[in-house]
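Contents: one structure, followed by commentary.
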Amino acid sequence: MDTARPTRDRWRDVVKYDVPASLVVFLVALPLSLGIAVASGAPVMAGLIAAVIGGVVAGAIGGSPLQVSGPAAGLTVVVAELVANFGWKVTCAITVGAGLLQILFGASRIATAALGIAPVVVHAMLAGIGITIALQQIHVLLGGTSQSSALANITELPQRLGDISWSDAAIGVIVIVVMLGWKYLPAGVRKIPGPLAAIALATVVAAAAGLDVERVRLDGNFFDSISLPQLPQGDWSGFVLGVLTVALIASVESLLSAVAVDKMHDGPRSRFNRELIGQGSANMVSGALGGLPVTGVIVRSTANVAAGARSQWSAVLHGVWIFVFAVFLTALVEQIPLAALAGLLVVIGMQLVKLAHMKTALRTGDLWVYGVTVVSVVFLNLLEGVAIGLALAVALVLWRVIRVEISAQPSTTGAPGEWLIAIRGSLSFLSIPRLNSTLGKVPDDVGATLELDVDFVDHAASEMISDWVRAREAAGNEVTVVERGRARLEHAPLAPPRRHTGGIVGLTPWRSQRIPVDDEAVADVPAPLRSIMAGVTDYHRDHADVLRGHLEDVVDYQQPDAFFLTCADSRIMPNIITSSGPGDLFTVRNVGNLVGGPDGAAESIEAALDFAINEVGVTAVVVCGHSSCGAMRALLDEDRGRSKSTSGSPIRSWLSQAEPSRAALELGHPAGRSAARMGFNDVDQLAVVNVAKQVEMLSRDRLAGRAAAEARLRIIGLYFDIRSAQVYEVTQTGIHLAGVGHHVSGMLEREFAADNS
């Protein structure tokens, strides 16, 4: 009986959530599948076959619970070229081979390696595909046929503009106007998917006006269109290249889509290797039955999540609805004007070209990579374009990594006439020509300070600098070498070079340092103080000069932006996890990051709040809890009769203020349930709920609550997961990754989701 109830609950969720969501996705997928088939030069029914197989097979076998698969615009250009070179049946065989390769990718557990592509190249690839689709379909929209290449489509466009079929153009324009204006309509109207509304309206207008436009042609119904694939008669190298191209592009697009979809919901996460096996299985079946290649599609997946789907049953059922439509309602498909599908594809193509991507590429210095990749994809082909883009991106990364900043100029702080030579970055033999040229600018008769802040130095560079220093000193010029970085000149000749990042500046745990008992430097320091005093020595030697520059603006006053209440736990580093500096945080710490309450008012917290809000004018109050919290564990142990502290002890008295948090967890607080779904244990669930309860108490506090009500202050909760070093935002309804944009959807993966929906 106990095991039957969860099964009934699951089926109840399927009926309540997944069935309605599947109908929404079906309505979105139907026109897109038809349009992509037309643009690919494939039989129209091949798009519906792929949609059915993508929904049912990939949905049932794949590892992404809410991703919906089917024919995608990202492969349109590739498939069109394959159809032109090999014919449709051989293209189906290529799809089968690509599916088999995807299964091998998944079985070998290398799925995440497909994500190792620079985001700028992915964005540029999509933009290139979008431009190519738009150039092809603008000819169809104007009543003609698309040409074999982007260059031909551009050169033939003036002639097509002089011979427009006004009936086709009118139908295409109707679809474009509806698609672009749909987001401005009332929410009730927008419950109908925009693509479906645009195609339906254009079809009705064409029929009502009796327009003489070319319509979709079907060779029989769904079962009549099923055909077996065929191997090529020659050009096996091209066949193998086609298999590899389809497999790689379909895999990357599916995995990026799956990652993006994961950021849109709080349910189970994707299993990427399993997802590739599901995608490969769908492609093998689709190709074997005469369907287009299948990928995870972000447009359908976004609609699926937004419609409230809870499991993979929504994707499976959407495939069932398309199958029912393709079998019994094919006559409706034949009423759709080709110009209507062309208008739909023009919009979809241009939506793949994102101004935001261009701005990001410009801001991050990757605009050349973006531009070259787009041009290569449009005027060469997809595989060559991506390969060129990746090669350029790798070259740019190598240049940035090995680049070193070298400057030589008269010193402004040293002795008169002294020169300062500053070297920052990675110092290798590749830098020797530039280093030699810069050092040659230093006059022969002056002293010099050589300041090294490098994370890598090899033997060649070390030897060159040592020779220069010896030559200067032999000539009677004093040279001072200051090494601020982790890589040292004296280490280079002793072992193969390696990068010495050293982590965060000044963050060197004492436990990782071995201070000999007989070390003369600490001989007079009591043993309990040796760690901290050695740390102070290290600070003075390596970090004081760096920190001094950050303290210049806050020497005489403070103006912090946030009041930061966190636990006294030694593993919590407020300035590091918030990337803040001196003067940014007004920090208060106590056991369990507690605000206090009616039965244990924390006067120190109230005093700190009063000073922070009314004297220094903070604009935010933050409560930050953390994983593996000893205070939360002690609270649970006390509740379970396992407490190690004695009754009436200070710690038990203090933790009594957290009793409301423990009670809220037991009553099923939403933040606790959200943490449980993410796999947090009971101690960490309590820590999350405790943050939510402290934020709730602060919102009712006479100081913080009033300031928040007057919009002078924001009160938020954070949670630091020590194992993953991730910071989460805690609300009264759940927990999600913190940071700008994380609460909406996710970085590359969130952008991929938002920008392709």
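Residue numbers start at 1 in each chain; chains themselves are named A, B, ... in the order of the structure tokens; ligands are numbered from 1 in the order shown.
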Near Leu231 of chain A, counting only C-alpha atoms, which residues have an atom at most 7 Å away, once you skip same-chain residues fewer than 2 positions from it, shown as JSON, numbers by chain?
{"A": [90, 93, 229, 233]}
Might you pull out every residue within 8 Å of Thr132 of chain A, with only C-alpha atoms counted and same-chain residues fewer than 4 positions away left off, and present them as a PyMOL selection string?
chain A and resi 77+128+136+150+349+378
Filtering to C-alpha atoms, could you give me those residues as a PDB file, in the first residue's frame?
```
ATOM      1  CA  VAL A  77      22.069  24.180 -43.334  1.00  0.00           C
ATOM      2  CA  GLY A 128      25.667  32.137 -39.210  1.00  0.00           C
ATOM      3  CA  GLN A 136      17.402  31.058 -48.333  1.00  0.00           C
ATOM      4  CA  ALA A 150      24.602  32.124 -49.523  1.00  0.00           C
ATOM      5  CA  GLY A 349      16.739  32.729 -38.548  1.00  0.00           C
ATOM      6  CA  VAL A 378      27.685  31.694 -44.112  1.00  0.00           C
TER       7      VAL A 378
END
```
As a PyMOL selection string, please: every residue in segment 164-410 of chain A that DSSP puts in helix (DSSP H, G or I).
chain A and resi 166-184+189-191+194-209+236-262+272-289+298-306+313-328+330-333+338-351+355-363+367-379+382-402
Per DSSP on the backbone, what are the strand (DSSP E) residues of segment 293-521 of chain A, as a PDB file with C-alpha atoms, in the first residue's frame?
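Saved file result_38.pdb follows:
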```pdb
ATOM      1  CA  THR A 295      18.428  17.423 -31.294  1.00  0.00           C
ATOM      2  CA  GLY A 296      17.320  18.908 -28.012  1.00  0.00           C
ATOM      3  CA  VAL A 404      53.320  39.197 -20.435  1.00  0.00           C
ATOM      4  CA  GLU A 405      53.197  42.895 -19.540  1.00  0.00           C
ATOM      5  CA  ILE A 406      56.658  44.459 -19.513  1.00  0.00           C
ATOM      6  CA  SER A 407      57.380  48.122 -18.856  1.00  0.00           C
ATOM      7  CA  ALA A 408      60.506  50.137 -18.075  1.00  0.00           C
ATOM      8  CA  GLN A 409      60.454  53.767 -16.937  1.00  0.00           C
ATOM      9  CA  PRO A 410      62.084  56.111 -14.438  1.00  0.00           C
ATOM     10  CA  TRP A 419      64.460  52.943 -13.125  1.00  0.00           C
ATOM     11  CA  LEU A 420      61.568  50.583 -12.467  1.00  0.00           C
ATOM     12  CA  ILE A 421      61.123  47.521 -14.672  1.00  0.00           C
ATOM     13  CA  ALA A 422      57.746  45.844 -14.048  1.00  0.00           C
ATOM     14  CA  ILE A 423      56.960  42.369 -15.411  1.00  0.00           C
ATOM     15  CA  ARG A 424      53.515  40.850 -14.939  1.00  0.00           C
ATOM     16  CA  GLY A 425      51.954  37.676 -16.334  1.00  0.00           C
ATOM     17  CA  SER A 426      53.533  34.449 -17.593  1.00  0.00           C
ATOM     18  CA  LEU A 427      57.241  34.735 -18.373  1.00  0.00           C
ATOM     19  CA  ALA A 448      67.146  49.631 -11.251  1.00  0.00           C
ATOM     20  CA  THR A 449      64.365  47.821  -9.464  1.00  0.00           C
ATOM     21  CA  LEU A 450      63.087  44.720 -11.231  1.00  0.00           C
ATOM     22  CA  GLU A 451      59.556  44.008 -10.006  1.00  0.00           C
ATOM     23  CA  LEU A 452      58.284  40.530 -10.937  1.00  0.00           C
ATOM     24  CA  ASP A 453      54.634  39.601 -10.481  1.00  0.00           C
ATOM     25  CA  VAL A 454      54.502  36.387 -12.514  1.00  0.00           C
ATOM     26  CA  ASP A 455      52.695  33.088 -12.152  1.00  0.00           C
ATOM     27  CA  PHE A 456      54.991  31.204 -14.546  1.00  0.00           C
ATOM     28  CA  VAL A 457      58.682  31.469 -15.343  1.00  0.00           C
ATOM     29  CA  VAL A 479      69.757  46.096  -9.097  1.00  0.00           C
ATOM     30  CA  THR A 480      66.981  45.218  -6.652  1.00  0.00           C
ATOM     31  CA  VAL A 481      64.802  42.241  -7.580  1.00  0.00           C
ATOM     32  CA  VAL A 482      61.348  42.226  -5.976  1.00  0.00           C
ATOM     33  CA  GLU A 483      59.362  39.047  -6.571  1.00  0.00           C
TER      34      GLU A 483
END
```
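Atom CA of Val285 of chain A sits 24.0 Å away from atom CA of Gly234 of chain A.
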Find the spatial neighbours of Asn436 of chain A, counting only C-alpha atoms, within a cut-off of 10 Å - ignore same-chain residues fewer than 2 positions away - and output them as a ChimeraX atom specification.
/A:431-434,438-441,461,464-465,468
Can you write out the residues you just picked, keeping N, CA and C atoms, as a PDB file, in the first residue's frame?
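As written to disk, out-v5.pdb reads:
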```pdb
ATOM      1  N   SER A 431      58.744  35.279 -24.489  1.00  0.00           N
ATOM      2  CA  SER A 431      58.778  36.693 -24.102  1.00  0.00           C
ATOM      3  C   SER A 431      60.176  37.287 -24.157  1.00  0.00           C
ATOM      4  N   ILE A 432      61.199  36.455 -24.413  1.00  0.00           N
ATOM      5  CA  ILE A 432      62.583  36.935 -24.333  1.00  0.00           C
ATOM      6  C   ILE A 432      62.874  38.064 -25.317  1.00  0.00           C
ATOM      7  N   PRO A 433      62.433  37.983 -26.587  1.00  0.00           N
ATOM      8  CA  PRO A 433      62.737  39.113 -27.490  1.00  0.00           C
ATOM      9  C   PRO A 433      62.204  40.445 -26.973  1.00  0.00           C
ATOM     10  N   ARG A 434      60.955  40.448 -26.513  1.00  0.00           N
ATOM     11  CA  ARG A 434      60.369  41.684 -26.001  1.00  0.00           C
ATOM     12  C   ARG A 434      61.040  42.105 -24.706  1.00  0.00           C
ATOM     13  N   THR A 438      63.029  45.616 -24.010  1.00  0.00           N
ATOM     14  CA  THR A 438      62.637  46.539 -22.935  1.00  0.00           C
ATOM     15  C   THR A 438      63.792  46.804 -21.983  1.00  0.00           C
ATOM     16  N   LEU A 439      64.523  45.758 -21.609  1.00  0.00           N
ATOM     17  CA  LEU A 439      65.661  45.948 -20.700  1.00  0.00           C
ATOM     18  C   LEU A 439      66.745  46.781 -21.356  1.00  0.00           C
ATOM     19  N   GLY A 440      66.831  46.720 -22.688  1.00  0.00           N
ATOM     20  CA  GLY A 440      67.830  47.512 -23.398  1.00  0.00           C
ATOM     21  C   GLY A 440      67.570  49.000 -23.326  1.00  0.00           C
ATOM     22  N   LYS A 441      66.336  49.416 -22.952  1.00  0.00           N
ATOM     23  CA  LYS A 441      66.006  50.830 -22.836  1.00  0.00           C
ATOM     24  C   LYS A 441      66.532  51.455 -21.544  1.00  0.00           C
ATOM     25  N   ALA A 461      63.810  32.210 -19.525  1.00  0.00           N
ATOM     26  CA  ALA A 461      63.539  33.570 -19.056  1.00  0.00           C
ATOM     27  C   ALA A 461      64.312  33.861 -17.774  1.00  0.00           C
ATOM     28  N   MET A 464      67.954  34.480 -18.627  1.00  0.00           N
ATOM     29  CA  MET A 464      68.153  35.763 -19.295  1.00  0.00           C
ATOM     30  C   MET A 464      68.147  36.911 -18.275  1.00  0.00           C
ATOM     31  N   ILE A 465      67.178  36.870 -17.327  1.00  0.00           N
ATOM     32  CA  ILE A 465      67.095  37.921 -16.302  1.00  0.00           C
ATOM     33  C   ILE A 465      68.315  37.875 -15.391  1.00  0.00           C
ATOM     34  N   TRP A 468      71.267  39.401 -17.068  1.00  0.00           N
ATOM     35  CA  TRP A 468      71.147  40.859 -17.136  1.00  0.00           C
ATOM     36  C   TRP A 468      71.477  41.497 -15.792  1.00  0.00           C
TER      37      TRP A 468
END
```
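For the pair atom CA of Asp212 of chain A and atom CA of Ser167 of chain A, the interatomic distance is 6.9 Å.
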Which polymer residues have any atom within 12 Å of an atom of segment 605-613 of chain A, counting only C-alpha atoms, with same-chain residues fewer than 6 positions away left out, as a count of residues only?
39
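Residues in contact range of Phe222 of chain A, defined as at most 8 Å between only C-alpha atoms, with sequence neighbours fewer than 4 positions away removed, read A:Met45, A:Ile49, A:Ile226, A:Phe323, A:Ala326, A:Val327.
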Can you write out the residues you just picked, keeping N, CA, C and O atoms, as a compact mmCIF listing (two decimals), in the first residue's frame?
```
# COMPACT_ATOMS: atom_id res chain seq x y z
N MET A 45 6.98 15.61 -44.57
CA MET A 45 6.61 14.67 -43.51
C MET A 45 7.81 14.23 -42.69
O MET A 45 7.67 13.76 -41.55
N ILE A 49 7.96 13.21 -38.74
CA ILE A 49 8.52 11.93 -38.27
C ILE A 49 9.58 12.20 -37.20
O ILE A 49 9.60 11.55 -36.15
N ILE A 226 7.24 6.87 -44.60
CA ILE A 226 8.32 6.10 -43.97
C ILE A 226 9.11 5.40 -45.07
O ILE A 226 8.56 4.70 -45.92
N PHE A 323 2.04 12.62 -33.74
CA PHE A 323 1.76 11.39 -34.50
C PHE A 323 0.27 11.33 -34.88
O PHE A 323 -0.07 11.03 -36.03
N ALA A 326 -0.29 13.82 -37.63
CA ALA A 326 0.31 13.43 -38.90
C ALA A 326 -0.45 12.29 -39.57
O ALA A 326 -0.44 12.15 -40.79
N VAL A 327 -1.12 11.45 -38.79
CA VAL A 327 -1.86 10.31 -39.35
C VAL A 327 -3.25 10.73 -39.82
O VAL A 327 -3.70 10.35 -40.90
```
Any chance you could tabulate, as a Markdown table, the residues of segment 122-223 of chain A at most 12 Å from segment 384-396 of chain A with each one's nearest atom pair and distance in Å to one decimal, using only C-alpha atoms, in chain and rising number order?
```
| residue | atom | partner | partner_atom | distance |
| --- | --- | --- | --- | --- |
| A:Val122 | CA | A:Val386 | CA | 8.1 |
| A:His123 | CA | A:Val386 | CA | 10.5 |
| A:Ala124 | CA | A:Gly389 | CA | 8.4 |
| A:Met125 | CA | A:Val386 | CA | 6.5 |
| A:Leu126 | CA | A:Val386 | CA | 10.1 |
| A:Ala127 | CA | A:Gly385 | CA | 11.5 |
| A:Gly128 | CA | A:Gly385 | CA | 8.7 |
| A:Ile129 | CA | A:Gly385 | CA | 10.4 |
```
Residues within 10 Å of Pro293 of chain A, please, as a VMD selection string. Count only C-alpha atoms; anything in the same chain fewer than 5 positions from it doesn't count.
chain A and resid 46 to 47 49 to 51 53 to 54 70 to 72 75 to 76 79 91 to 92 94 to 96 98 to 99 246 to 247 250 279 to 280 282 to 287
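In this comparison, which uses only C-alpha atoms, the residue of A:Gly343, A:Pro416, A:Pro497, A:Gly668 approaching Ala134 of chain A most closely is A:Gly343.
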What gap, in Å, lies between atom CA of Lys354 of chain A and atom CA of Leu338 of chain A?
26.2 Å
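Among the candidates A:Ala568, A:Ala21, A:Leu289, A:Leu248, the residue lying nearest to Gln230 of chain A is A:Leu289 (atoms considered: only C-alpha atoms).
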